[in-house]
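Asker: So that you have it, the file is work21.cif, and it contains mmCIF, C-alpha atoms:
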data_protein
#
loop_
_atom_site.group_PDB
_atom_site.id
_atom_site.type_symbol
_atom_site.label_atom_id
_atom_site.label_comp_id
_atom_site.auth_asym_id
_atom_site.auth_seq_id
_atom_site.Cartn_x
_atom_site.Cartn_y
_atom_site.Cartn_z
ATOM 1 C CA MET A 1 21.720 78.867 76.640
ATOM 2 C CA THR A 2 21.721 75.064 76.748
ATOM 3 C CA LEU A 3 23.664 73.746 79.727
ATOM 4 C CA SER A 4 25.388 70.392 79.882
ATOM 5 C CA PRO A 5 23.686 67.633 81.915
ATOM 6 C CA GLU A 6 26.541 67.810 84.451
ATOM 7 C CA LEU A 7 26.177 71.547 84.978
ATOM 8 C CA THR A 8 22.380 71.274 85.117
ATOM 9 C CA ALA A 9 22.614 68.587 87.815
ATOM 10 C CA PHE A 10 25.167 70.644 89.729
ATOM 11 C CA LEU A 11 22.881 73.684 89.812
ATOM 12 C CA GLU A 12 19.944 71.531 90.879
ATOM 13 C CA LYS A 13 21.958 70.139 93.810
ATOM 14 C CA SER A 14 23.107 73.592 94.922
ATOM 15 C CA ARG A 15 20.831 75.337 97.431
ATOM 16 C CA TRP A 16 20.803 78.908 96.177
ATOM 17 C CA PRO A 17 19.608 78.540 92.525
ATOM 18 C CA ALA A 18 16.268 77.194 93.754
ATOM 19 C CA THR A 19 15.595 80.544 95.452
ATOM 20 C CA LEU A 20 16.018 82.619 92.284
ATOM 21 C CA THR A 21 13.126 83.985 90.254
ATOM 22 C CA ALA A 22 12.576 82.759 86.705
ATOM 23 C CA GLY A 23 14.172 85.921 85.320
ATOM 24 C CA GLN A 24 17.195 85.636 87.580
ATOM 25 C CA MET A 25 17.623 81.993 86.622
ATOM 26 C CA ASP A 26 17.429 82.893 82.926
ATOM 27 C CA ARG A 27 20.256 85.409 83.404
ATOM 28 C CA LEU A 28 22.341 82.835 85.251
ATOM 29 C CA ARG A 29 21.781 80.167 82.604
ATOM 30 C CA HIS A 30 22.737 82.611 79.866
ATOM 31 C CA ASP A 31 25.981 83.758 81.519
ATOM 32 C CA ILE A 32 27.369 80.685 83.279
ATOM 33 C CA TYR A 33 29.786 78.384 81.462
ATOM 34 C CA GLU A 34 32.093 75.472 82.246
ATOM 35 C CA ARG A 35 35.604 74.239 81.533
ATOM 36 C CA THR A 36 37.558 71.082 82.316
ATOM 37 C CA TYR A 37 41.089 70.790 83.693
ATOM 38 C CA SER A 38 43.430 67.833 84.035
ATOM 39 C CA SER A 39 45.076 66.928 87.341
ATOM 40 C CA GLY A 40 48.011 69.215 88.095
ATOM 41 C CA SER A 41 46.766 72.081 85.945
ATOM 42 C CA ILE A 42 47.137 75.608 87.293
ATOM 43 C CA ILE A 43 43.643 76.922 86.689
ATOM 44 C CA PHE A 44 44.497 80.456 87.770
ATOM 45 C CA PRO A 45 47.911 81.627 88.996
ATOM 46 C CA ARG A 46 48.198 84.060 91.872
ATOM 47 C CA GLY A 47 47.632 87.672 90.817
ATOM 48 C CA THR A 48 45.091 87.035 88.055
ATOM 49 C CA PRO A 49 41.948 89.230 87.988
ATOM 50 C CA ALA A 50 39.035 88.009 90.099
ATOM 51 C CA ASP A 51 36.561 88.086 87.234
ATOM 52 C CA HIS A 52 34.547 84.974 88.146
ATOM 53 C CA TRP A 53 32.895 83.111 90.988
ATOM 54 C CA PHE A 54 33.509 79.376 90.783
ATOM 55 C CA GLY A 55 31.513 76.209 91.236
ATOM 56 C CA LEU A 56 33.336 72.877 91.256
ATOM 57 C CA ILE A 57 31.089 70.532 89.311
ATOM 58 C CA GLU A 58 33.358 67.540 89.854
ATOM 59 C CA GLY A 59 36.942 66.790 90.871
ATOM 60 C CA MET A 60 39.040 68.574 93.476
ATOM 61 C CA VAL A 61 41.157 71.727 93.527
ATOM 62 C CA LYS A 62 43.436 73.371 96.054
ATOM 63 C CA VAL A 63 43.850 77.020 96.899
ATOM 64 C CA ASP A 64 47.499 77.803 97.626
ATOM 65 C CA THR A 65 50.348 80.273 97.345
ATOM 66 C CA VAL A 66 54.103 80.008 96.823
ATOM 67 C CA SER A 67 56.564 82.191 98.727
ATOM 68 C CA PRO A 68 59.498 83.934 96.971
ATOM 69 C CA ASP A 69 61.810 81.146 98.199
ATOM 70 C CA GLY A 70 59.606 78.471 96.627
ATOM 71 C CA ARG A 71 57.725 77.205 99.670
ATOM 72 C CA SER A 72 54.113 76.236 98.946
ATOM 73 C CA THR A 73 51.311 76.822 101.454
ATOM 74 C CA THR A 74 47.898 75.283 100.839
ATOM 75 C CA PHE A 75 45.000 77.233 102.348
ATOM 76 C CA ALA A 76 42.194 74.856 101.466
ATOM 77 C CA GLY A 77 41.166 71.835 99.480
ATOM 78 C CA VAL A 78 37.891 72.245 97.619
ATOM 79 C CA PRO A 79 35.895 69.085 96.770
ATOM 80 C CA GLY A 80 33.262 68.690 94.085
ATOM 81 C CA GLY A 81 29.896 70.290 94.788
ATOM 82 C CA ALA A 82 31.328 73.493 96.271
ATOM 83 C CA TRP A 83 31.144 77.166 95.344
ATOM 84 C CA PHE A 84 34.179 79.280 96.152
ATOM 85 C CA GLY A 85 36.117 82.454 95.366
ATOM 86 C CA GLU A 86 33.479 84.965 96.448
ATOM 87 C CA GLY A 87 35.843 86.976 98.658
ATOM 88 C CA ALA A 88 38.215 87.965 95.868
ATOM 89 C CA VAL A 89 35.293 88.767 93.550
ATOM 90 C CA LEU A 90 33.707 91.067 96.127
ATOM 91 C CA LYS A 91 36.980 92.933 96.680
ATOM 92 C CA ASN A 92 37.570 93.152 92.921
ATOM 93 C CA GLU A 93 41.300 92.731 93.415
ATOM 94 C CA PRO A 94 43.816 90.290 91.906
ATOM 95 C CA ARG A 95 43.499 86.865 93.490
ATOM 96 C CA PRO A 96 46.000 86.484 96.375
ATOM 97 C CA TYR A 97 46.258 82.741 95.736
ATOM 98 C CA SER A 98 46.554 80.155 92.987
ATOM 99 C CA ILE A 99 43.884 77.614 92.077
ATOM 100 C CA VAL A 100 45.308 74.218 91.106
ATOM 101 C CA ALA A 101 43.511 71.021 90.078
ATOM 102 C CA ILE A 102 44.614 68.042 92.169
ATOM 103 C CA ARG A 103 42.153 65.764 90.374
ATOM 104 C CA ASP A 104 40.690 65.979 86.875
ATOM 105 C CA SER A 105 38.133 68.710 87.466
ATOM 106 C CA LYS A 106 35.243 70.521 85.835
ATOM 107 C CA LEU A 107 34.480 74.095 86.911
ATOM 108 C CA ALA A 108 31.490 76.371 86.440
ATOM 109 C CA PHE A 109 32.236 80.077 85.942
ATOM 110 C CA VAL A 110 29.824 82.840 86.973
ATOM 111 C CA PRO A 111 31.082 86.221 85.626
ATOM 112 C CA ARG A 112 31.630 88.910 88.246
ATOM 113 C CA THR A 113 29.017 91.164 86.624
ATOM 114 C CA THR A 114 26.416 88.387 86.952
ATOM 115 C CA PHE A 115 27.492 87.628 90.523
ATOM 116 C CA GLU A 116 27.135 91.291 91.519
ATOM 117 C CA TRP A 117 23.789 91.556 89.719
ATOM 118 C CA LEU A 118 22.457 88.554 91.664
ATOM 119 C CA LEU A 119 23.623 90.131 94.916
ATOM 120 C CA GLU A 120 21.604 93.248 94.075
ATOM 121 C CA GLN A 121 18.539 91.424 92.806
ATOM 122 C CA SER A 122 18.198 88.463 95.194
ATOM 123 C CA THR A 123 18.044 88.737 98.980
ATOM 124 C CA SER A 124 18.306 84.966 99.332
ATOM 125 C CA PHE A 125 21.421 84.846 97.176
ATOM 126 C CA SER A 126 22.983 87.628 99.246
ATOM 127 C CA ARG A 127 22.196 85.619 102.385
ATOM 128 C CA PHE A 128 23.890 82.570 100.891
ATOM 129 C CA VAL A 129 27.053 84.540 100.076
ATOM 130 C CA ILE A 130 27.125 86.079 103.580
ATOM 131 C CA ASP A 131 26.874 82.594 105.075
ATOM 132 C CA GLN A 132 29.690 81.411 102.811
ATOM 133 C CA LEU A 133 31.938 84.250 103.948
ATOM 134 C CA ASN A 134 31.074 83.691 107.604
ATOM 135 C CA TRP A 135 31.874 79.976 107.491
ATOM 136 C CA ARG A 136 35.019 80.553 105.462
ATOM 137 C CA CYS A 137 36.280 83.151 107.936
ATOM 138 C CA GLY A 138 35.707 80.691 110.774
ATOM 139 C CA TYR A 139 37.564 78.006 108.861
ATOM 140 C CA TYR A 140 40.673 80.141 108.353
ATOM 141 C CA VAL A 141 40.763 81.201 112.011
ATOM 142 C CA ALA A 142 40.562 77.535 113.029
ATOM 143 C CA LEU A 143 43.162 76.598 110.407
ATOM 144 C CA ILE A 144 45.719 79.039 111.829
ATOM 145 C CA GLU A 145 45.081 77.800 115.357
ATOM 146 C CA ASN A 146 45.262 74.180 114.224
ATOM 147 C CA ARG A 147 48.611 74.591 112.480
ATOM 148 C CA ARG A 148 50.157 76.522 115.352
ATOM 149 C CA LEU A 149 48.911 74.506 118.313
ATOM 150 C CA ARG A 150 47.966 70.986 117.229
ATOM 151 C CA GLU A 151 50.030 67.854 116.731
ATOM 152 C CA ALA A 152 50.098 66.154 113.333
ATOM 153 C CA PRO A 153 47.180 63.699 113.917
ATOM 154 C CA ALA A 154 44.857 66.531 114.987
ATOM 155 C CA ARG A 155 45.970 68.635 112.012
ATOM 156 C CA VAL A 156 45.157 65.824 109.609
ATOM 157 C CA ALA A 157 41.837 65.192 111.347
ATOM 158 C CA PHE A 158 40.947 68.875 111.028
ATOM 159 C CA CYS A 159 41.822 69.133 107.326
ATOM 160 C CA LEU A 160 39.888 65.991 106.438
ATOM 161 C CA SER A 161 36.824 66.733 108.571
ATOM 162 C CA GLU A 162 36.578 70.281 107.203
ATOM 163 C CA LEU A 163 36.054 68.829 103.718
ATOM 164 C CA PHE A 164 32.608 67.834 105.043
ATOM 165 C CA ASN A 165 31.560 71.346 106.108
ATOM 166 C CA PRO A 166 27.827 71.336 105.253
ATOM 167 C CA GLN A 167 27.768 74.995 104.209
ATOM 168 C CA LEU A 168 30.966 75.143 102.159
ATOM 169 C CA TYR A 169 31.202 71.565 100.875
ATOM 170 C CA PRO A 170 27.739 69.985 100.934
ATOM 171 C CA SER A 171 28.398 67.103 98.521
ATOM 172 C CA THR A 172 31.592 65.511 99.839
ATOM 173 C CA GLU A 173 31.499 61.701 99.750
ATOM 174 C CA SER A 174 32.899 59.473 102.491
ATOM 175 C CA THR A 175 35.686 58.218 100.219
ATOM 176 C CA LEU A 176 38.174 61.019 99.586
ATOM 177 C CA GLN A 177 40.251 60.459 96.460
ATOM 178 C CA LEU A 178 43.396 61.926 97.996
ATOM 179 C CA SER A 179 46.882 60.474 98.204
ATOM 180 C CA GLN A 180 48.931 60.794 101.383
ATOM 181 C CA GLU A 181 51.120 63.340 99.628
ATOM 182 C CA GLU A 182 48.076 65.453 98.724
ATOM 183 C CA ILE A 183 46.768 65.241 102.300
ATOM 184 C CA GLY A 184 50.161 66.371 103.532
ATOM 185 C CA ARG A 185 50.005 69.428 101.279
ATOM 186 C CA LEU A 186 46.551 70.309 102.589
ATOM 187 C CA CYS A 187 47.730 69.996 106.190
ATOM 188 C CA GLY A 188 51.152 71.587 105.801
ATOM 189 C CA LEU A 189 52.929 68.371 106.840
ATOM 190 C CA SER A 190 55.674 66.204 105.404
ATOM 191 C CA ARG A 191 54.641 62.935 103.810
ATOM 192 C CA GLN A 192 56.298 61.017 106.667
ATOM 193 C CA ASN A 193 54.381 62.905 109.365
ATOM 194 C CA THR A 194 51.179 62.580 107.377
ATOM 195 C CA ASN A 195 51.666 58.830 107.114
ATOM 196 C CA ARG A 196 52.147 58.488 110.882
ATOM 197 C CA ALA A 197 49.101 60.653 111.583
ATOM 198 C CA LEU A 198 46.911 58.653 109.225
ATOM 199 C CA ARG A 199 48.025 55.402 110.843
ATOM 200 C CA GLU A 200 47.062 56.736 114.264
ATOM 201 C CA LEU A 201 43.633 57.828 113.022
ATOM 202 C CA ALA A 202 43.163 54.491 111.248
ATOM 203 C CA ASN A 203 44.105 52.543 114.399
ATOM 204 C CA ALA A 204 41.421 54.525 116.223
ATOM 205 C CA LYS A 205 38.878 53.437 113.554
ATOM 206 C CA MET A 206 38.094 57.001 112.489
ATOM 207 C CA LEU A 207 39.195 56.351 108.916
ATOM 208 C CA ALA A 208 40.668 53.712 106.637
ATOM 209 C CA VAL A 209 43.593 54.286 104.308
ATOM 210 C CA GLU A 210 43.351 52.748 100.861
ATOM 211 C CA TYR A 211 45.507 53.077 97.775
ATOM 212 C CA GLY A 212 45.142 56.683 96.592
ATOM 213 C CA SER A 213 42.226 57.411 98.902
ATOM 214 C CA VAL A 214 40.981 57.721 102.479
ATOM 215 C CA VAL A 215 37.600 56.452 103.681
ATOM 216 C CA ILE A 216 36.039 58.394 106.556
ATOM 217 C CA LEU A 217 34.493 55.883 108.967
ATOM 218 C CA ASP A 218 33.477 58.084 111.899
ATOM 219 C CA LEU A 219 33.143 61.771 111.000
ATOM 220 C CA PRO A 220 31.825 62.945 114.419
ATOM 221 C CA ARG A 221 34.805 61.389 116.216
ATOM 222 C CA LEU A 222 37.200 62.805 113.621
ATOM 223 C CA ARG A 223 35.798 66.291 114.217
ATOM 224 C CA GLU A 224 35.955 65.856 117.989
ATOM 225 C CA PHE A 225 39.565 64.659 117.778
ATOM 226 C CA ALA A 226 40.537 67.651 115.643
ATOM 227 C CA ARG A 227 39.275 70.048 118.322
ATOM 228 C CA GLN A 228 39.952 68.021 121.448
ATOM 229 C CA ASP A 229 42.117 70.672 123.136
ATOM 230 C CA GLU A 230 39.778 73.613 122.585
#
If you convert what's in this file into structure tokens, what do you get?

Answerer:
Amino acid sequence: MTLSPELTAFLEKSRWPATLTAGQMDRLRHDIYERTYSSGSIIFPRGTPADHWFGLIEGMVKVDTVSPDGRSTTFAGVPGGAWFGEGAVLKNEPRPYSIVAIRDSKLAFVPRTTFEWLLEQSTSFSRFVIDQLNWRCGYYVALIENRRLREAPARVAFCLSELFNPQLYPSTESTLQLSQEEIGRLCGLSRQNTNRALRELANAKMLAVEYGSVVILDLPRLREFARQDE
């Protein structure tokens, strides 16, 4: 199967495809496909079958859920260059969350049968998936602690710095195309509290706020600030 230049480049930048054998790569190239989504699109609503593992070729999506009374909780923002959704695929249960595009986005889809076949055939791929799950578990534990115990500036610092996790999000650029409202959704904060937190972080020269985006100026300090009370 002929892949688009964008998907080809995405696979080349990802770590795990380089470890596959020629036969395994042929199977992947035959089965993988891509689709594009406009900003605001619900890519998959909560409860849909977990039939695919995802790669975000470009753009940004959020993983969230909505309570019966209409309250939205965002679990994670996923920037371009990342692979995600392996947990639901492994459990083979309906997805417990929605996937929503918050930027125009292009996704790669690896069918569950192909994903499971690669797990059986490739030790290095299995190792990659284990590492993904381990890092993701650590992220969610830290996220719960952060939201329960930290003030707004530390919560914002955590959510932004975690977008640069080298295992989960290896291709994040220093300029994050996120509005203050979108950052607030990722952090579980009101727009007003998000604005105040961003101003504090900007005054400390950790980041700069621009129209529709945030530029990370000092990632090590941002990470340290997010975890300063640990």

Asker: Could you give me, as JSON lines, every stretch 32-95 of chain A residue with an atom at most 6 Å from stretch 106-116 of chain A, plus its closest atom pair and distance in Å to one decimal, counting all atoms listed in the file, rows ordered by chain then number?

Answerer:
{"residue": "A:Ile32", "atom": "CA", "partner": "A:Val110", "partner_atom": "CA", "distance": 4.9}
{"residue": "A:Tyr33", "atom": "CA", "partner": "A:Phe109", "partner_atom": "CA", "distance": 5.4}
{"residue": "A:Glu34", "atom": "CA", "partner": "A:Ala108", "partner_atom": "CA", "distance": 4.3}
{"residue": "A:Arg35", "atom": "CA", "partner": "A:Leu107", "partner_atom": "CA", "distance": 5.5}
{"residue": "A:Thr36", "atom": "CA", "partner": "A:Lys106", "partner_atom": "CA", "distance": 4.2}
{"residue": "A:Asp51", "atom": "CA", "partner": "A:Arg112", "partner_atom": "CA", "distance": 5.1}
{"residue": "A:His52", "atom": "CA", "partner": "A:Pro111", "partner_atom": "CA", "distance": 4.5}
{"residue": "A:Trp53", "atom": "CA", "partner": "A:Val110", "partner_atom": "CA", "distance": 5.1}
{"residue": "A:Phe54", "atom": "CA", "partner": "A:Phe109", "partner_atom": "CA", "distance": 5.1}
{"residue": "A:Gly55", "atom": "CA", "partner": "A:Ala108", "partner_atom": "CA", "distance": 4.8}
{"residue": "A:Leu56", "atom": "CA", "partner": "A:Leu107", "partner_atom": "CA", "distance": 4.7}
{"residue": "A:Ile57", "atom": "CA", "partner": "A:Lys106", "partner_atom": "CA", "distance": 5.4}
{"residue": "A:Glu58", "atom": "CA", "partner": "A:Lys106", "partner_atom": "CA", "distance": 5.3}

Asker: Since I can't run it myself right now, could you work out what the PyMOL selection byres ((chain A and resi 154) around 12) selects here and report it as a PyMOL selection string?

Answerer: chain A and resi 142-143+145-153+155-162+187+189+193-194+196-198+200-201+206+221-230

Asker: Which value, in Å to one decimal, gives the distance between atom CA of A:Ser124 and atom CA of A:Ala9?

Answerer: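 About the pair atom CA of A:Ser124 and atom CA of A:Ala9: they are 20.5 Å apart.
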
Asker: To test your reading of the syntax: which residues would the PyMOL selection byres ((chain A and resi 86) around 8) return for the file shown? Reply as a VMD selection string.

Answerer: chain A and resid 53 to 54 84 to 85 87 to 90 129 133

Asker: Evaluate the PyMOL selection byres ((chain A and resi 42) around 10) on the structure here and hand back the selected residues as a list in words.

Answerer: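 Selected by the PyMOL selection byres ((chain A and resi 42) around 10) in this file: Tyr37, Ser38, Ser39, Gly40, Ser41, Ile43, Phe44, Pro45, Arg46, Val61, Lys62, Ser98, Ile99, Val100, Ala101 and Ile102 of chain A.
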
Asker: Give me a file of those residues, with C-alpha atoms, as a CSV table (one decimal), keeping the file's coordinate frame.

Answerer:
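After the write, result_13.csv holds the following:
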chain,number,residue,atom,x,y,z
A,37,TYR,CA,41.1,70.8,83.7
A,38,SER,CA,43.4,67.8,84.0
A,39,SER,CA,45.1,66.9,87.3
A,40,GLY,CA,48.0,69.2,88.1
A,41,SER,CA,46.8,72.1,85.9
A,43,ILE,CA,43.6,76.9,86.7
A,44,PHE,CA,44.5,80.5,87.8
A,45,PRO,CA,47.9,81.6,89.0
A,46,ARG,CA,48.2,84.1,91.9
A,61,VAL,CA,41.2,71.7,93.5
A,62,LYS,CA,43.4,73.4,96.1
A,98,SER,CA,46.6,80.2,93.0
A,99,ILE,CA,43.9,77.6,92.1
A,100,VAL,CA,45.3,74.2,91.1
A,101,ALA,CA,43.5,71.0,90.1
A,102,ILE,CA,44.6,68.0,92.2

Asker: Considering all atoms listed in the file, can you say which of A:Ser171, A:Trp135, A:Tyr97, A:Arg103 comes closest to A:Thr73?

Answerer: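 The closest residue to A:Thr73 is A:Tyr97.
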
Asker: Return the single residue from A:Arg27, A:Lys205, A:Arg185, A:Lys13 that is closest to A:Gly77, with distances computed using only C-alpha atoms.

Answerer: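 Nearest to A:Gly77: A:Arg185.
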
Asker: Once you count all atoms listed in the file, which residues end up no further than 12 Å from (18.4, 77.9, 95.3) in the file's frame, shown as a PyMOL selection string?

Answerer: chain A and resi 10-22+24-25+28+118+122-129

Asker: Please measure the separation of atom CA of A:Val141 and atom CA of A:Pro94, giving the value in Å to one decimal.

Answerer: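 Calculated distance between atom CA of A:Val141 and atom CA of A:Pro94 is 22.3 Å.
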
Asker: Atom CA of A:Met60 to atom CA of A:Phe164: how many Å, to one decimal?

Answerer: 13.3 Å

Asker: Could you check which of A:Gly59, A:Cys137, A:Leu219, A:Thr74 is closest to A:Ile183, using all atoms listed in the file?

Answerer: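 Checking each candidate against A:Ile183, we get A:Thr74 as the closest.
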
Asker: May I have the centre and edge lengths, in Å to one decimal, of an axis-aligned box around the listed atoms of stretch 203-210 of chain A with 3 Å added to every side, as JSON?

Answerer:
{"center_x": 41.1, "center_y": 54.8, "center_z": 108.5, "size_x": 12.0, "size_y": 10.5, "size_z": 21.4}

Asker: Kindly output stretch 180-208 of chain A as a PDB file, keeping the file's coordinate frame, after building N, CA and C atoms.

Answerer:
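What landed in result37.pdb:
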ATOM      1  N   GLN A 180      48.325  60.304 100.157  1.00  0.00           N
ATOM      2  CA  GLN A 180      48.931  60.794 101.383  1.00  0.00           C
ATOM      3  C   GLN A 180      49.741  62.065 101.120  1.00  0.00           C
ATOM      4  N   GLU A 181      50.372  62.146  99.972  1.00  0.00           N
ATOM      5  CA  GLU A 181      51.120  63.340  99.628  1.00  0.00           C
ATOM      6  C   GLU A 181      50.204  64.553  99.500  1.00  0.00           C
ATOM      7  N   GLU A 182      49.035  64.354  98.870  1.00  0.00           N
ATOM      8  CA  GLU A 182      48.076  65.453  98.724  1.00  0.00           C
ATOM      9  C   GLU A 182      47.516  65.881 100.076  1.00  0.00           C
ATOM     10  N   ILE A 183      47.250  64.914 100.956  1.00  0.00           N
ATOM     11  CA  ILE A 183      46.768  65.241 102.300  1.00  0.00           C
ATOM     12  C   ILE A 183      47.823  66.033 103.054  1.00  0.00           C
ATOM     13  N   GLY A 184      49.075  65.639 102.892  1.00  0.00           N
ATOM     14  CA  GLY A 184      50.161  66.371 103.532  1.00  0.00           C
ATOM     15  C   GLY A 184      50.212  67.818 103.084  1.00  0.00           C
ATOM     16  N   ARG A 185      49.994  68.058 101.789  1.00  0.00           N
ATOM     17  CA  ARG A 185      50.005  69.428 101.279  1.00  0.00           C
ATOM     18  C   ARG A 185      48.861  70.243 101.888  1.00  0.00           C
ATOM     19  N   LEU A 186      47.703  69.613 102.008  1.00  0.00           N
ATOM     20  CA  LEU A 186      46.551  70.309 102.589  1.00  0.00           C
ATOM     21  C   LEU A 186      46.781  70.654 104.055  1.00  0.00           C
ATOM     22  N   CYS A 187      47.532  69.812 104.755  1.00  0.00           N
ATOM     23  CA  CYS A 187      47.730  69.996 106.190  1.00  0.00           C
ATOM     24  C   CYS A 187      49.025  70.710 106.530  1.00  0.00           C
ATOM     25  N   GLY A 188      49.868  70.953 105.532  1.00  0.00           N
ATOM     26  CA  GLY A 188      51.152  71.587 105.801  1.00  0.00           C
ATOM     27  C   GLY A 188      52.126  70.670 106.508  1.00  0.00           C
ATOM     28  N   LEU A 189      52.081  69.359 106.197  1.00  0.00           N
ATOM     29  CA  LEU A 189      52.929  68.371 106.840  1.00  0.00           C
ATOM     30  C   LEU A 189      53.757  67.620 105.810  1.00  0.00           C
ATOM     31  N   SER A 190      54.882  67.063 106.274  1.00  0.00           N
ATOM     32  CA  SER A 190      55.674  66.204 105.404  1.00  0.00           C
ATOM     33  C   SER A 190      54.910  64.904 105.158  1.00  0.00           C
ATOM     34  N   ARG A 191      55.306  64.197 104.112  1.00  0.00           N
ATOM     35  CA  ARG A 191      54.641  62.935 103.810  1.00  0.00           C
ATOM     36  C   ARG A 191      54.836  61.931 104.944  1.00  0.00           C
ATOM     37  N   GLN A 192      56.020  61.939 105.574  1.00  0.00           N
ATOM     38  CA  GLN A 192      56.298  61.017 106.667  1.00  0.00           C
ATOM     39  C   GLN A 192      55.394  61.288 107.854  1.00  0.00           C
ATOM     40  N   ASN A 193      55.249  62.558 108.241  1.00  0.00           N
ATOM     41  CA  ASN A 193      54.381  62.905 109.365  1.00  0.00           C
ATOM     42  C   ASN A 193      52.914  62.640 109.042  1.00  0.00           C
ATOM     43  N   THR A 194      52.552  62.871 107.796  1.00  0.00           N
ATOM     44  CA  THR A 194      51.179  62.580 107.377  1.00  0.00           C
ATOM     45  C   THR A 194      50.886  61.093 107.477  1.00  0.00           C
ATOM     46  N   ASN A 195      51.835  60.280 107.051  1.00  0.00           N
ATOM     47  CA  ASN A 195      51.666  58.830 107.114  1.00  0.00           C
ATOM     48  C   ASN A 195      51.464  58.364 108.551  1.00  0.00           C
ATOM     49  N   ARG A 196      52.286  58.873 109.471  1.00  0.00           N
ATOM     50  CA  ARG A 196      52.147  58.488 110.882  1.00  0.00           C
ATOM     51  C   ARG A 196      50.799  58.930 111.445  1.00  0.00           C
ATOM     52  N   ALA A 197      50.377  60.146 111.086  1.00  0.00           N
ATOM     53  CA  ALA A 197      49.101  60.653 111.583  1.00  0.00           C
ATOM     54  C   ALA A 197      47.934  59.821 111.062  1.00  0.00           C
ATOM     55  N   LEU A 198      47.980  59.471 109.801  1.00  0.00           N
ATOM     56  CA  LEU A 198      46.911  58.653 109.225  1.00  0.00           C
ATOM     57  C   LEU A 198      46.854  57.279 109.878  1.00  0.00           C
ATOM     58  N   ARG A 199      48.006  56.710 110.171  1.00  0.00           N
ATOM     59  CA  ARG A 199      48.025  55.402 110.843  1.00  0.00           C
ATOM     60  C   ARG A 199      47.381  55.490 112.224  1.00  0.00           C
ATOM     61  N   GLU A 200      47.668  56.575 112.941  1.00  0.00           N
ATOM     62  CA  GLU A 200      47.062  56.736 114.264  1.00  0.00           C
ATOM     63  C   GLU A 200      45.547  56.872 114.165  1.00  0.00           C
ATOM     64  N   LEU A 201      45.086  57.649 113.199  1.00  0.00           N
ATOM     65  CA  LEU A 201      43.633  57.828 113.022  1.00  0.00           C
ATOM     66  C   LEU A 201      42.979  56.536 112.537  1.00  0.00           C
ATOM     67  N   ALA A 202      43.695  55.774 111.722  1.00  0.00           N
ATOM     68  CA  ALA A 202      43.163  54.491 111.248  1.00  0.00           C
ATOM     69  C   ALA A 202      43.092  53.483 112.395  1.00  0.00           C
ATOM     70  N   ASN A 203      44.110  53.455 113.251  1.00  0.00           N
ATOM     71  CA  ASN A 203      44.105  52.543 114.399  1.00  0.00           C
ATOM     72  C   ASN A 203      42.954  52.852 115.346  1.00  0.00           C
ATOM     73  N   ALA A 204      42.551  54.122 115.377  1.00  0.00           N
ATOM     74  CA  ALA A 204      41.421  54.525 116.223  1.00  0.00           C
ATOM     75  C   ALA A 204      40.077  54.326 115.520  1.00  0.00           C
ATOM     76  N   LYS A 205      40.099  53.760 114.316  1.00  0.00           N
ATOM     77  CA  LYS A 205      38.878  53.437 113.554  1.00  0.00           C
ATOM     78  C   LYS A 205      38.089  54.669 113.131  1.00  0.00           C
ATOM     79  N   MET A 206      38.768  55.811 112.997  1.00  0.00           N
ATOM     80  CA  MET A 206      38.094  57.001 112.489  1.00  0.00           C
ATOM     81  C   MET A 206      38.092  57.036 110.965  1.00  0.00           C
ATOM     82  N   LEU A 207      39.085  56.387 110.370  1.00  0.00           N
ATOM     83  CA  LEU A 207      39.195  56.351 108.916  1.00  0.00           C
ATOM     84  C   LEU A 207      39.939  55.095 108.495  1.00  0.00           C
ATOM     85  N   ALA A 208      39.918  54.823 107.219  1.00  0.00           N
ATOM     86  CA  ALA A 208      40.668  53.712 106.637  1.00  0.00           C
ATOM     87  C   ALA A 208      41.466  54.237 105.456  1.00  0.00           C
TER      88      ALA A 208
END
